[in-house]
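A.B. asks: A single structure is presented below for examination.
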There are 2 protein chains.
Amino acid sequence: MCLKMVELYDTTLRDGTQREGISYSTEDKLRITKKLDKLGIDYIEGGWPGSNPKDIEYFQQVQKLSLTNATVAAFGSTRRPGIEAKEDSNLEEIITSGVEIATIVGKSWDFHVIEALETELEENLAMIEETISYLKSNGLQVFYDAEHFFDAYKSNTEYAIETIQAADRAGADRIILCDTNGGTLPLELREIIEKVKDKVDTSLGIHAHNDSEVAVANSLLAVKSGVVQVQGTINGYGERCGNANLSSIIPNLKLKQGIDSVTEEQLKRLTGVSRFVSEVANLTPPTHKPYVGDSAFAHKGGIHVSALMKDPETYEHLAPETVGNRRKVLVSELSGKSNLMYKAEEYGIEIDKENGDLKQALEKIKELEHQGYQFEGAKASFEILMKKATNSYEKLFELEGCRIITEKASGLTPLSEATIKVKVNGQIVHTAAEGEGPVNALDNALRKALLEFYPALEEIYLIDYKVRVLDGNDGTSAKVRVLIESGNGHESWGTVGASTNIIEASWQALVDSIEYGIKLSQDKE
Amino acid sequence: MCLKMVELYDTTLRDGTQREGISYSTEDKLRITKKLDKLGIDYIEGGWPGSNPKDIEYFQQVQKLSLTNATVAAFGSTRRPGIEAKEDSNLEEIITSGVEIATIVGKSWDFHVIEALETELEENLAMIEETISYLKSNGLQVFYDAEHFFDAYKSNTEYAIETIQAADRAGADRIILCDTNGGTLPLELREIIEKVKDKVDTSLGIHAHNDSEVAVANSLLAVKSGVVQVQGTINGYGERCGNANLSSIIPNLKLKQGIDSVTEEQLKRLTGVSRFVSEVANLTPPTHKPYVGDSAFAHKGGIHVSALMKDPETYEHLAPETVGNRRKVLVSELSGKSNLMYKAEEYGIEIDKENGDLKQALEKIKELEHQGYQFEGAKASFEILMKKATNSYEKLFELEGCRIITEKASGLTPLSEATIKVKVNGQIVHTAAEGEGPVNALDNALRKALLEFYPALEEIYLIDYKVRVLDGNDGTSAKVRVLIESGNGHESWGTVGASTNIIEASWQALVDSIEYGIKLSQDKE
């Protein structure tokens, strides 16, 4: 069990996915898990094995990761009414998932027990107690999520308390008070916590939603009242208006309340983790979010900028570097070698500080970022770029030319075909392939051309392909950014391309992706 | 002077414009002013006449509006060090602007007086007192913004209090405590307000920033401690992480704290005003913002939707209509004729309940949604689909065939060209066009082919083009969804397409978009 004053419980991978438009693959979830672990999160709720067969795969795979900080938890609900806990397949899936911790949600609100569950109040208490006892007897730690606790307390105080006392009796390791509908304001929330905290022996947690825009404040006030666990998500992603935002709660706790849930080094990863999760979710990073937003430390000028130049503390509540972010006055005023060195180091690229090419690399990156490239989710492209800038990169092939034709006849799905001419090891290869759409055809043709020279290509596959339009107002001539995630079964890497032409943007990301993969396998030989 | 328990002071037009990317014309500001007035805002800070000549025009124009609720205020700072108030052109501009209220910002923080203003602590006190006295003697009401008050209090308590006492002596009508850097947490903020509120006779206000994601909570706690004025902006727009969000504060005060700063009818305008301000600012409306976001009452399914169907209160903290918003449930999970009827009605499509084709339409929609179509942002495609299903749709042209060629030579950006053959009014048109990328080429060719038959096309333009990959794990052969937003200067409409081939998906959305636009203009003739 965690020994910090306040434990961080992240549910980005479960409750966070309730946000419209978010859908992670198993691979996505594993990548996020690793990042959360390095950030210093104590508990990672990976999914709900009983509701979603895809989540079962995650729990199998996650056991192979060597996490250093975090323990993975599986989510589920109390047993169904009228059956025994051991008969509930939802609970069976948690037990077989191999996790150490089960987080079980149960009903606190009388209205919900009757209207939504359609059962008796007594039966609900039995469901809570028996479910927790059953999981405990199977060797699991159990965190109990008291759903709608604050609404429940206001509706039927006595019954709400009985529900958490049932969890307490059953030996729950934590009881988490949930403001599920997000309608509770800070002072009321605190008052309720103060009144119930002595009614159970189990340590309490808080799970807030942001429907009144006070989820962060609610979480902080709950900590002040003695709860030991804070649940939330990166960027506050979640259903409706989102869950409590850990990206704000973590620095608020550490920097303003002196509660060291993460180390200083871990805190510096905060901005990176926030952007990584956005990229994987294929959502625009939240630019104006506190601490982690690209504009969180942006200053638009006038008196503020002039004062800032005298002393940054005049208009900043803390130094942006503390959370891995940066000040933004004018981009050109910020760039420096140290920034580039920091990035290179982060990506494990060795660079000689005295190398004159470094300045050139910096110029190139600034230019590309201005054009819409974004290297947060594209480590491989960044590494290739740095190597090119320091003249330590060797291309594996040269494109001579390519042509992609898409033909559509009335009422039919179009057919795409690509021809490609490349020079590999001094030889010209000219070939063609079909595909689902123009980019897929090009991808297929390139692979076909290179395969006999680089058999390692056989193992390299695309995991994900993402397109984002950067300047929507230009309609179909807008600039797009393509992010590609590739893998070879052992490793995965991201690459990026940007252009007004989606074929060009995809081509850039594809070439980086394939070259990086081939070099990886060559390094191993 | 306002007689409400809590006055609302909006600074969307001044502090809100400090957000990156926001720049309003005078006309924009006047339109927003009218909306704020109807929402029930008490004071509208229109700008800073002393710093911005454009704002002077606003203050001239705004006098011609007949506002029913709101009083307009002009912003400025205390006189410059070492001169008399009457010599300060900044103050002169306020007096000549014709407003009844001047909001004057002054320094509370000793560090700022010395570092940023570069003057003496005594002189700063004189600047505050003399500025307010001078404006009062010119017949203005004066609201005094105590900049950085909370940081100031922590740095030099005695001096911070002296600054507001100077404002008090000069007869300020309100003293607003500002958390300018947004770094103060709720309980600390409340503690400071409790300690200073008896040090002055003037009523207090609160002006919070959101750098710790607690600006809304801070504003609510300040009200609990007796402040009578809350300053903020619509959607929380503002520098860095934004100002306190009035779009959340207003309903929190009214619906949860019983403070009627606006009437029930005014509150119903809230969502509309939020979206209007986003549109005028040319920013995407904040979809996940509490109360006003398009997803604020969205439910993604599973147990929530089933409970909601029994009683909305199970998973909603209030009825969305209260704030002029609406519930959003994913169509596919709520399948049923009633749902389809509801949507059709919403879109103004007349449908005969007994019409046998309705079932067919429903089946078609479910099938398409399963394939990845999404009609939430594609009203026009939905309408076309419904008409097709009820056999009341007439196509404007037939595609005979098209071909898009993208050619890329080594190192160059590719060139895209589309040829298209369509049948319009019995005539075959065969033409070609180039474009930025394959979709833009196709768009250009189609417009070229149709323009002579439908001159209205001249006015129809694409506003936004969005691509989302639906099943990322299939790499470049993944299915994509294309959403297109089009407009004609008066109206805008959304269309959708989905396919594994981006050309096909774009084609579907393009055709719907163009046909819908042409029919709109025909209906008007």
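Going by the structure tokens order, chains are called A, B, ..., each with residues numbered from 1, while ligands are numbered from 1 in the order shown.
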Just the residues within 6 Å of segment 506-515 of chain A, please, counting only C-alpha atoms, with nothing from its chain fewer than 3 positions along; format it as an NGL selection string.
C.D. replies: :A and (381 or 482 or 495-497 or 502-503 or 518)
A.B. asks: For the selection just defined, write its residues with C-alpha atoms to a file, as an mmCIF file, in the first residue's frame.
C.D. replies:
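Contents of result24.cif, as written:
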```
data_model
loop_
_atom_site.group_PDB
_atom_site.id
_atom_site.type_symbol
_atom_site.label_atom_id
_atom_site.label_comp_id
_atom_site.auth_asym_id
_atom_site.auth_seq_id
_atom_site.Cartn_x
_atom_site.Cartn_y
_atom_site.Cartn_z
ATOM 1 C CA SER A 381 10.853 11.899 -36.612
ATOM 2 C CA VAL A 482 -0.360 13.188 -40.056
ATOM 3 C CA THR A 495 6.500 9.871 -36.813
ATOM 4 C CA VAL A 496 4.991 13.049 -38.191
ATOM 5 C CA GLY A 497 4.392 14.881 -41.450
ATOM 6 C CA ILE A 502 -2.424 14.869 -47.284
ATOM 7 C CA ILE A 503 -0.400 12.627 -49.584
ATOM 8 C CA ILE A 518 14.601 -0.752 -40.525
#
```
A.B. asks: Write down as a JSON list (two decimals) with N, CA and C atoms, in the first residue's frame the residues belonging to segment 105-328 of chain B that are assigned alpha helix (DSSP H) by DSSP computed on the backbone.
C.D. replies:
```json
[["chain", "number", "residue", "atom", "x", "y", "z"],
["B", 110, "ASP", "N", 3.89, 45.51, -2.77],
["B", 110, "ASP", "CA", 5.09, 46.35, -2.62],
["B", 110, "ASP", "C", 6.13, 46.04, -3.70],
["B", 111, "PHE", "N", 6.35, 44.75, -3.91],
["B", 111, "PHE", "CA", 7.30, 44.28, -4.91],
["B", 111, "PHE", "C", 7.02, 44.88, -6.31],
["B", 112, "HIS", "N", 5.74, 44.93, -6.67],
["B", 112, "HIS", "CA", 5.34, 45.48, -7.96],
["B", 112, "HIS", "C", 5.55, 46.99, -8.04],
["B", 121, "LEU", "N", 6.63, 53.50, -2.32],
["B", 121, "LEU", "CA", 5.39, 52.96, -1.77],
["B", 121, "LEU", "C", 4.40, 54.07, -1.43],
["B", 122, "GLU", "N", 4.90, 55.18, -0.88],
["B", 122, "GLU", "CA", 4.04, 56.31, -0.52],
["B", 122, "GLU", "C", 3.37, 56.92, -1.75],
["B", 123, "GLU", "N", 4.17, 57.08, -2.79],
["B", 123, "GLU", "CA", 3.66, 57.68, -4.03],
["B", 123, "GLU", "C", 2.52, 56.82, -4.60],
["B", 124, "ASN", "N", 2.67, 55.50, -4.51],
["B", 124, "ASN", "CA", 1.61, 54.61, -5.02],
["B", 124, "ASN", "C", 0.30, 54.84, -4.27],
["B", 125, "LEU", "N", 0.40, 55.04, -2.95],
["B", 125, "LEU", "CA", -0.82, 55.30, -2.17],
["B", 125, "LEU", "C", -1.47, 56.61, -2.63],
["B", 126, "ALA", "N", -0.64, 57.58, -2.90],
["B", 126, "ALA", "CA", -1.16, 58.87, -3.37],
["B", 126, "ALA", "C", -1.79, 58.72, -4.75],
["B", 127, "MET", "N", -1.17, 57.91, -5.59],
["B", 127, "MET", "CA", -1.71, 57.69, -6.94],
["B", 127, "MET", "C", -3.12, 57.10, -6.87],
["B", 128, "ILE", "N", -3.28, 56.14, -5.96],
["B", 128, "ILE", "CA", -4.60, 55.51, -5.80],
["B", 128, "ILE", "C", -5.63, 56.53, -5.33],
["B", 129, "GLU", "N", -5.29, 57.21, -4.25],
["B", 129, "GLU", "CA", -6.26, 58.12, -3.64],
["B", 129, "GLU", "C", -6.61, 59.28, -4.55],
["B", 130, "GLU", "N", -5.58, 59.88, -5.15],
["B", 130, "GLU", "CA", -5.83, 61.06, -5.99],
["B", 130, "GLU", "C", -6.58, 60.71, -7.27],
["B", 131, "THR", "N", -6.26, 59.55, -7.84],
["B", 131, "THR", "CA", -6.95, 59.15, -9.07],
["B", 131, "THR", "C", -8.44, 58.98, -8.82],
["B", 132, "ILE", "N", -8.75, 58.26, -7.74],
["B", 132, "ILE", "CA", -10.17, 58.01, -7.44],
["B", 132, "ILE", "C", -10.89, 59.32, -7.12],
["B", 133, "SER", "N", -10.26, 60.16, -6.28],
["B", 133, "SER", "CA", -10.88, 61.44, -5.91],
["B", 133, "SER", "C", -11.15, 62.30, -7.14],
["B", 134, "TYR", "N", -10.17, 62.31, -8.04],
["B", 134, "TYR", "CA", -10.30, 63.13, -9.25],
["B", 134, "TYR", "C", -11.48, 62.67, -10.10],
["B", 135, "LEU", "N", -11.59, 61.35, -10.29],
["B", 135, "LEU", "CA", -12.69, 60.83, -11.11],
["B", 135, "LEU", "C", -14.03, 61.04, -10.42],
["B", 136, "LYS", "N", -14.06, 60.86, -9.11],
["B", 136, "LYS", "CA", -15.30, 61.09, -8.36],
["B", 136, "LYS", "C", -15.73, 62.55, -8.51],
["B", 137, "SER", "N", -14.75, 63.46, -8.45],
["B", 137, "SER", "CA", -15.09, 64.88, -8.54],
["B", 137, "SER", "C", -15.58, 65.24, -9.94],
["B", 149, "PHE", "N", -3.94, 41.48, -5.28],
["B", 149, "PHE", "CA", -4.17, 41.73, -3.86],
["B", 149, "PHE", "C", -3.74, 40.57, -2.95],
["B", 150, "PHE", "N", -4.00, 39.35, -3.39],
["B", 150, "PHE", "CA", -3.72, 38.21, -2.49],
["B", 150, "PHE", "C", -2.22, 37.95, -2.35],
["B", 151, "ASP", "N", -1.49, 38.07, -3.45],
["B", 151, "ASP", "CA", -0.03, 37.95, -3.38],
["B", 151, "ASP", "C", 0.53, 39.09, -2.53],
["B", 152, "ALA", "N", -0.04, 40.27, -2.72],
["B", 152, "ALA", "CA", 0.40, 41.44, -1.98],
["B", 152, "ALA", "C", 0.21, 41.24, -0.48],
["B", 153, "TYR", "N", -0.96, 40.70, -0.15],
["B", 153, "TYR", "CA", -1.28, 40.47, 1.27],
["B", 153, "TYR", "C", -0.27, 39.53, 1.90],
["B", 154, "LYS", "N", 0.14, 38.50, 1.13],
["B", 154, "LYS", "CA", 1.09, 37.53, 1.67],
["B", 154, "LYS", "C", 2.50, 38.12, 1.77],
["B", 155, "SER", "N", 2.79, 39.06, 0.88],
["B", 155, "SER", "CA", 4.13, 39.64, 0.85],
["B", 155, "SER", "C", 4.28, 40.75, 1.90],
["B", 157, "THR", "N", 1.45, 42.47, 4.32],
["B", 157, "THR", "CA", 0.05, 42.59, 4.71],
["B", 157, "THR", "C", -0.33, 44.04, 5.00],
["B", 158, "GLU", "N", 0.49, 44.68, 5.75],
["B", 158, "GLU", "CA", 0.17, 46.03, 6.18],
["B", 158, "GLU", "C", 0.03, 46.98, 4.98],
["B", 159, "TYR", "N", 0.99, 46.86, 4.06],
["B", 159, "TYR", "CA", 0.95, 47.76, 2.90],
["B", 159, "TYR", "C", -0.25, 47.45, 2.01],
["B", 160, "ALA", "N", -0.52, 46.17, 1.82],
["B", 160, "ALA", "CA", -1.66, 45.80, 0.97],
["B", 160, "ALA", "C", -2.94, 46.43, 1.51],
["B", 161, "ILE", "N", -3.09, 46.37, 2.82],
["B", 161, "ILE", "CA", -4.29, 46.96, 3.43],
["B", 161, "ILE", "C", -4.29, 48.49, 3.27],
["B", 162, "GLU", "N", -3.12, 49.09, 3.40],
["B", 162, "GLU", "CA", -3.04, 50.56, 3.21],
["B", 162, "GLU", "C", -3.52, 50.97, 1.83],
["B", 163, "THR", "N", -3.22, 50.14, 0.80],
["B", 163, "THR", "CA", -3.61, 50.53, -0.56],
["B", 163, "THR", "C", -5.13, 50.56, -0.70],
["B", 164, "ILE", "N", -5.80, 49.55, -0.12],
["B", 164, "ILE", "CA", -7.27, 49.58, -0.27],
["B", 164, "ILE", "C", -7.89, 50.62, 0.65],
["B", 165, "GLN", "N", -7.19, 50.93, 1.74],
["B", 165, "GLN", "CA", -7.71, 51.99, 2.61],
["B", 165, "GLN", "C", -7.58, 53.35, 1.92],
["B", 166, "ALA", "N", -6.57, 53.49, 1.07],
["B", 166, "ALA", "CA", -6.44, 54.73, 0.28],
["B", 166, "ALA", "C", -7.64, 54.86, -0.67],
["B", 167, "ALA", "N", -8.02, 53.73, -1.27],
["B", 167, "ALA", "CA", -9.18, 53.74, -2.18],
["B", 167, "ALA", "C", -10.46, 54.04, -1.41],
["B", 168, "ASP", "N", -10.55, 53.47, -0.24],
["B", 168, "ASP", "CA", -11.70, 53.65, 0.65],
["B", 168, "ASP", "C", -11.87, 55.13, 1.01],
["B", 169, "ARG", "N", -10.76, 55.75, 1.45],
["B", 169, "ARG", "CA", -10.78, 57.18, 1.82],
["B", 169, "ARG", "C", -11.23, 58.06, 0.66],
["B", 186, "PRO", "N", -8.60, 28.21, -2.89],
["B", 186, "PRO", "CA", -9.84, 28.71, -2.28],
["B", 186, "PRO", "C", -9.78, 29.03, -0.79],
["B", 187, "LEU", "N", -9.25, 28.12, 0.02],
["B", 187, "LEU", "CA", -9.34, 28.38, 1.46],
["B", 187, "LEU", "C", -8.46, 29.54, 1.89],
["B", 188, "GLU", "N", -7.30, 29.66, 1.23],
["B", 188, "GLU", "CA", -6.41, 30.77, 1.54],
["B", 188, "GLU", "C", -7.06, 32.09, 1.11],
["B", 189, "LEU", "N", -7.68, 32.06, -0.05],
["B", 189, "LEU", "CA", -8.36, 33.26, -0.55],
["B", 189, "LEU", "C", -9.45, 33.70, 0.42],
["B", 190, "ARG", "N", -10.21, 32.72, 0.89],
["B", 190, "ARG", "CA", -11.30, 33.06, 1.80],
["B", 190, "ARG", "C", -10.76, 33.65, 3.11],
["B", 191, "GLU", "N", -9.70, 33.03, 3.59],
["B", 191, "GLU", "CA", -9.09, 33.49, 4.84],
["B", 191, "GLU", "C", -8.66, 34.96, 4.72],
["B", 192, "ILE", "N", -8.06, 35.29, 3.59],
["B", 192, "ILE", "CA", -7.59, 36.67, 3.40],
["B", 192, "ILE", "C", -8.79, 37.63, 3.32],
["B", 193, "ILE", "N", -9.82, 37.23, 2.57],
["B", 193, "ILE", "CA", -11.00, 38.11, 2.49],
["B", 193, "ILE", "C", -11.61, 38.33, 3.88],
["B", 194, "GLU", "N", -11.71, 37.26, 4.65],
["B", 194, "GLU", "CA", -12.28, 37.38, 5.99],
["B", 194, "GLU", "C", -11.47, 38.36, 6.84],
["B", 195, "LYS", "N", -10.14, 38.34, 6.62],
["B", 195, "LYS", "CA", -9.29, 39.21, 7.45],
["B", 195, "LYS", "C", -9.32, 40.67, 7.03],
["B", 196, "VAL", "N", -9.59, 40.94, 5.73],
["B", 196, "VAL", "CA", -9.53, 42.34, 5.30],
["B", 196, "VAL", "C", -10.88, 43.01, 5.21],
["B", 215, "ALA", "N", -10.70, 29.23, -10.31],
["B", 215, "ALA", "CA", -11.25, 30.60, -10.36],
["B", 215, "ALA", "C", -12.75, 30.63, -10.04],
["B", 216, "VAL", "N", -13.48, 29.62, -10.52],
["B", 216, "VAL", "CA", -14.91, 29.60, -10.22],
["B", 216, "VAL", "C", -15.13, 29.38, -8.73],
["B", 217, "ALA", "N", -14.43, 28.40, -8.17],
["B", 217, "ALA", "CA", -14.55, 28.13, -6.73],
["B", 217, "ALA", "C", -14.15, 29.36, -5.93],
["B", 218, "ASN", "N", -13.06, 30.03, -6.31],
["B", 218, "ASN", "CA", -12.63, 31.22, -5.59],
["B", 218, "ASN", "C", -13.72, 32.30, -5.61],
["B", 219, "SER", "N", -14.37, 32.47, -6.75],
["B", 219, "SER", "CA", -15.42, 33.48, -6.86],
["B", 219, "SER", "C", -16.60, 33.13, -5.95],
["B", 220, "LEU", "N", -16.96, 31.84, -5.92],
["B", 220, "LEU", "CA", -18.09, 31.42, -5.09],
["B", 220, "LEU", "C", -17.77, 31.57, -3.60],
["B", 221, "LEU", "N", -16.54, 31.23, -3.23],
["B", 221, "LEU", "CA", -16.17, 31.37, -1.81],
["B", 221, "LEU", "C", -16.11, 32.83, -1.40],
["B", 222, "ALA", "N", -15.68, 33.68, -2.32],
["B", 222, "ALA", "CA", -15.64, 35.11, -2.02],
["B", 222, "ALA", "C", -17.06, 35.63, -1.75],
["B", 223, "VAL", "N", -18.02, 35.15, -2.55],
["B", 223, "VAL", "CA", -19.42, 35.56, -2.32],
["B", 223, "VAL", "C", -19.88, 35.09, -0.95],
["B", 224, "LYS", "N", -19.52, 33.87, -0.59],
["B", 224, "LYS", "CA", -19.89, 33.35, 0.74],
["B", 224, "LYS", "C", -19.31, 34.23, 1.85],
["B", 246, "LEU", "N", -17.80, 33.33, -16.05],
["B", 246, "LEU", "CA", -19.17, 33.73, -15.68],
["B", 246, "LEU", "C", -20.19, 32.70, -16.16],
["B", 247, "SER", "N", -19.89, 31.99, -17.24],
["B", 247, "SER", "CA", -20.84, 30.99, -17.75],
["B", 247, "SER", "C", -21.07, 29.87, -16.74],
["B", 248, "SER", "N", -20.13, 29.65, -15.83],
["B", 248, "SER", "CA", -20.34, 28.69, -14.75],
["B", 248, "SER", "C", -20.76, 29.37, -13.46],
["B", 249, "ILE", "N", -20.24, 30.56, -13.22],
["B", 249, "ILE", "CA", -20.54, 31.25, -11.95],
["B", 249, "ILE", "C", -22.01, 31.64, -11.87],
["B", 250, "ILE", "N", -22.54, 32.14, -12.98],
["B", 250, "ILE", "CA", -23.95, 32.59, -12.97],
["B", 250, "ILE", "C", -24.90, 31.45, -12.58],
["B", 251, "PRO", "N", -24.84, 30.28, -13.27],
["B", 251, "PRO", "CA", -25.76, 29.20, -12.84],
["B", 251, "PRO", "C", -25.42, 28.62, -11.47],
["B", 264, "GLU", "N", -34.84, 33.69, -14.35],
["B", 264, "GLU", "CA", -34.92, 32.38, -15.01],
["B", 264, "GLU", "C", -34.87, 32.52, -16.52],
["B", 265, "GLU", "N", -35.58, 33.53, -17.03],
["B", 265, "GLU", "CA", -35.60, 33.74, -18.48],
["B", 265, "GLU", "C", -34.23, 34.13, -19.00],
["B", 266, "GLN", "N", -33.54, 34.99, -18.24],
["B", 266, "GLN", "CA", -32.19, 35.40, -18.65],
["B", 266, "GLN", "C", -31.24, 34.19, -18.64],
["B", 267, "LEU", "N", -31.38, 33.34, -17.64],
["B", 267, "LEU", "CA", -30.49, 32.18, -17.52],
["B", 267, "LEU", "C", -30.60, 31.27, -18.74],
["B", 270, "LEU", "N", -28.08, 31.68, -21.48],
["B", 270, "LEU", "CA", -26.67, 31.49, -21.16],
["B", 270, "LEU", "C", -25.91, 30.72, -22.26],
["B", 271, "THR", "N", -26.45, 29.57, -22.66],
["B", 271, "THR", "CA", -25.75, 28.76, -23.67],
["B", 271, "THR", "C", -25.63, 29.53, -24.98],
["B", 272, "GLY", "N", -26.70, 30.22, -25.35],
["B", 272, "GLY", "CA", -26.67, 31.00, -26.58],
["B", 272, "GLY", "C", -25.61, 32.09, -26.55],
["B", 273, "VAL", "N", -25.50, 32.78, -25.43],
["B", 273, "VAL", "CA", -24.51, 33.85, -25.31],
["B", 273, "VAL", "C", -23.09, 33.27, -25.37],
["B", 274, "SER", "N", -22.89, 32.14, -24.70],
["B", 274, "SER", "CA", -21.58, 31.48, -24.73],
["B", 274, "SER", "C", -21.17, 31.16, -26.16],
["B", 275, "ARG", "N", -22.08, 30.56, -26.91],
["B", 275, "ARG", "CA", -21.75, 30.17, -28.29],
["B", 275, "ARG", "C", -21.56, 31.41, -29.17],
["B", 276, "PHE", "N", -22.37, 32.43, -28.91],
["B", 276, "PHE", "CA", -22.27, 33.66, -29.70],
["B", 276, "PHE", "C", -20.89, 34.29, -29.52],
["B", 277, "VAL", "N", -20.45, 34.38, -28.28],
["B", 277, "VAL", "CA", -19.14, 34.99, -28.02],
["B", 277, "VAL", "C", -18.04, 34.16, -28.69],
["B", 278, "SER", "N", -18.14, 32.83, -28.63],
["B", 278, "SER", "CA", -17.14, 31.98, -29.31],
["B", 278, "SER", "C", -17.12, 32.27, -30.79],
["B", 279, "GLU", "N", -18.30, 32.34, -31.37],
["B", 279, "GLU", "CA", -18.39, 32.55, -32.81],
["B", 279, "GLU", "C", -17.78, 33.89, -33.20],
["B", 280, "VAL", "N", -18.12, 34.92, -32.44],
["B", 280, "VAL", "CA", -17.59, 36.24, -32.77],
["B", 280, "VAL", "C", -16.07, 36.27, -32.57],
["B", 281, "ALA", "N", -15.59, 35.54, -31.57],
["B", 281, "ALA", "CA", -14.15, 35.48, -31.33],
["B", 281, "ALA", "C", -13.47, 34.56, -32.34],
["B", 303, "ILE", "N", -24.50, 1.93, -18.65],
["B", 303, "ILE", "CA", -25.47, 2.02, -17.56],
["B", 303, "ILE", "C", -26.07, 3.42, -17.43],
["B", 304, "HIS", "N", -25.29, 4.45, -17.78],
["B", 304, "HIS", "CA", -25.81, 5.81, -17.64],
["B", 304, "HIS", "C", -27.05, 6.02, -18.50],
["B", 305, "VAL", "N", -26.97, 5.62, -19.76],
["B", 305, "VAL", "CA", -28.09, 5.87, -20.67],
["B", 305, "VAL", "C", -29.33, 5.12, -20.24],
["B", 306, "SER", "N", -29.13, 3.90, -19.80],
["B", 306, "SER", "CA", -30.30, 3.13, -19.39],
["B", 306, "SER", "C", -30.96, 3.76, -18.16],
["B", 307, "ALA", "N", -30.14, 4.29, -17.25],
["B", 307, "ALA", "CA", -30.71, 4.96, -16.07],
["B", 307, "ALA", "C", -31.37, 6.28, -16.45],
["B", 308, "LEU", "N", -30.72, 7.02, -17.36],
["B", 308, "LEU", "CA", -31.26, 8.30, -17.81],
["B", 308, "LEU", "C", -32.64, 8.15, -18.41],
["B", 309, "MET", "N", -32.84, 7.03, -19.13],
["B", 309, "MET", "CA", -34.13, 6.82, -19.77],
["B", 309, "MET", "C", -35.22, 6.59, -18.73],
["B", 310, "LYS", "N", -34.79, 6.09, -17.57],
["B", 310, "LYS", "CA", -35.76, 5.94, -16.49],
["B", 310, "LYS", "C", -36.02, 7.28, -15.82]]
```
A.B. asks: When the cut-off is 6 Å and we count only C-alpha atoms, which residues of chain B are near chain A, given as a PyMOL selection string?
C.D. replies: chain B and resi 116+181+183+211-212+214+217+240-241+288-290+295-298+307+315-317+399-410+436-437+440+462-466+469+472-473+475-477+500-501
A.B. asks: Neighbouring residues of Gly50 of chain A were defined as those with any atom within 9 Å, considering only C-alpha atoms; residues of the same chain fewer than 5 positions away were excluded. Please report them as a list in words.
C.D. replies: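 The residues satisfying every condition are Asp55, Ile56, Phe75, Gly76, Ser77, Ser89, Asn90, Leu91, Glu92, Glu93 and Ile94 of chain A.
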A.B. asks: With C-alpha atoms retained, export the selected residues as a PDB file, in the first residue's frame.
C.D. replies:
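Saved the output as result_35.pdb:
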```
ATOM      1  CA  ASP A  55      -9.970  -4.443 -21.618  1.00  0.00           C
ATOM      2  CA  ILE A  56      -9.242  -8.072 -20.814  1.00  0.00           C
ATOM      3  CA  PHE A  75     -12.908  -1.522 -12.266  1.00  0.00           C
ATOM      4  CA  GLY A  76     -16.228  -3.274 -11.766  1.00  0.00           C
ATOM      5  CA  SER A  77     -19.567  -2.906 -10.058  1.00  0.00           C
ATOM      6  CA  SER A  89     -19.138 -12.939 -14.255  1.00  0.00           C
ATOM      7  CA  ASN A  90     -18.216  -9.250 -13.909  1.00  0.00           C
ATOM      8  CA  LEU A  91     -16.384 -10.063 -10.650  1.00  0.00           C
ATOM      9  CA  GLU A  92     -14.910 -13.239 -12.084  1.00  0.00           C
ATOM     10  CA  GLU A  93     -13.308 -11.213 -14.871  1.00  0.00           C
ATOM     11  CA  ILE A  94     -11.647  -8.951 -12.295  1.00  0.00           C
TER      12      ILE A  94
END
```
A.B. asks: Interatomic distance between atom CA of Gln141 of chain A and atom CA of Ala172 of chain A?
C.D. replies: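 Computing the Euclidean distance for atom CA of Gln141 of chain A and atom CA of Ala172 of chain A yields 7.4 Å.
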A.B. asks: Considering only C-alpha atoms, state which residue in the set A:Asn52, A:Val72, A:Lys519, A:Tyr454 is at the smallest distance from Glu394 of chain A.
C.D. replies: A:Lys519
A.B. asks: Would you mind reading off the distance between atom CA of Phe453 of chain B and atom CA of Glu491 of chain B, one decimal, in Å?
C.D. replies: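 Distance between the two atoms: 21.7 Å.
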A.B. asks: For Phe397 of chain A, work out the shell of residues within 9 Å, counting only C-alpha atoms and skipping chain neighbours fewer than 3 positions away, then give it as a list in words.
C.D. replies: Val422, Lys423, Val424, Asn425, Gly426, Leu450 and Glu515 of chain A
A.B. asks: As a list in words, which residues of segment 90-328 of chain A does DSSP assign to strand (DSSP E)?
C.D. replies: Ile101, Ala102, Thr103, Ile104, Val105, Gly106, Lys107, Gln141, Val142, Phe143, Tyr144, Asp145, Ala146, Glu147, Arg174, Ile175, Ile176, Leu177, Cys178, Asp179, Leu204, Gly205, Ile206, His207, Ala208, Gln229, Val230, Gln231 and Gly232 of chain A
A.B. asks: Using only C-alpha atoms, which residue out of A:Glu57, A:Asp201, A:Asp37, A:Glu84 lies closest to Thr71 of chain A?
C.D. replies: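 Closest candidate: A:Asp37.
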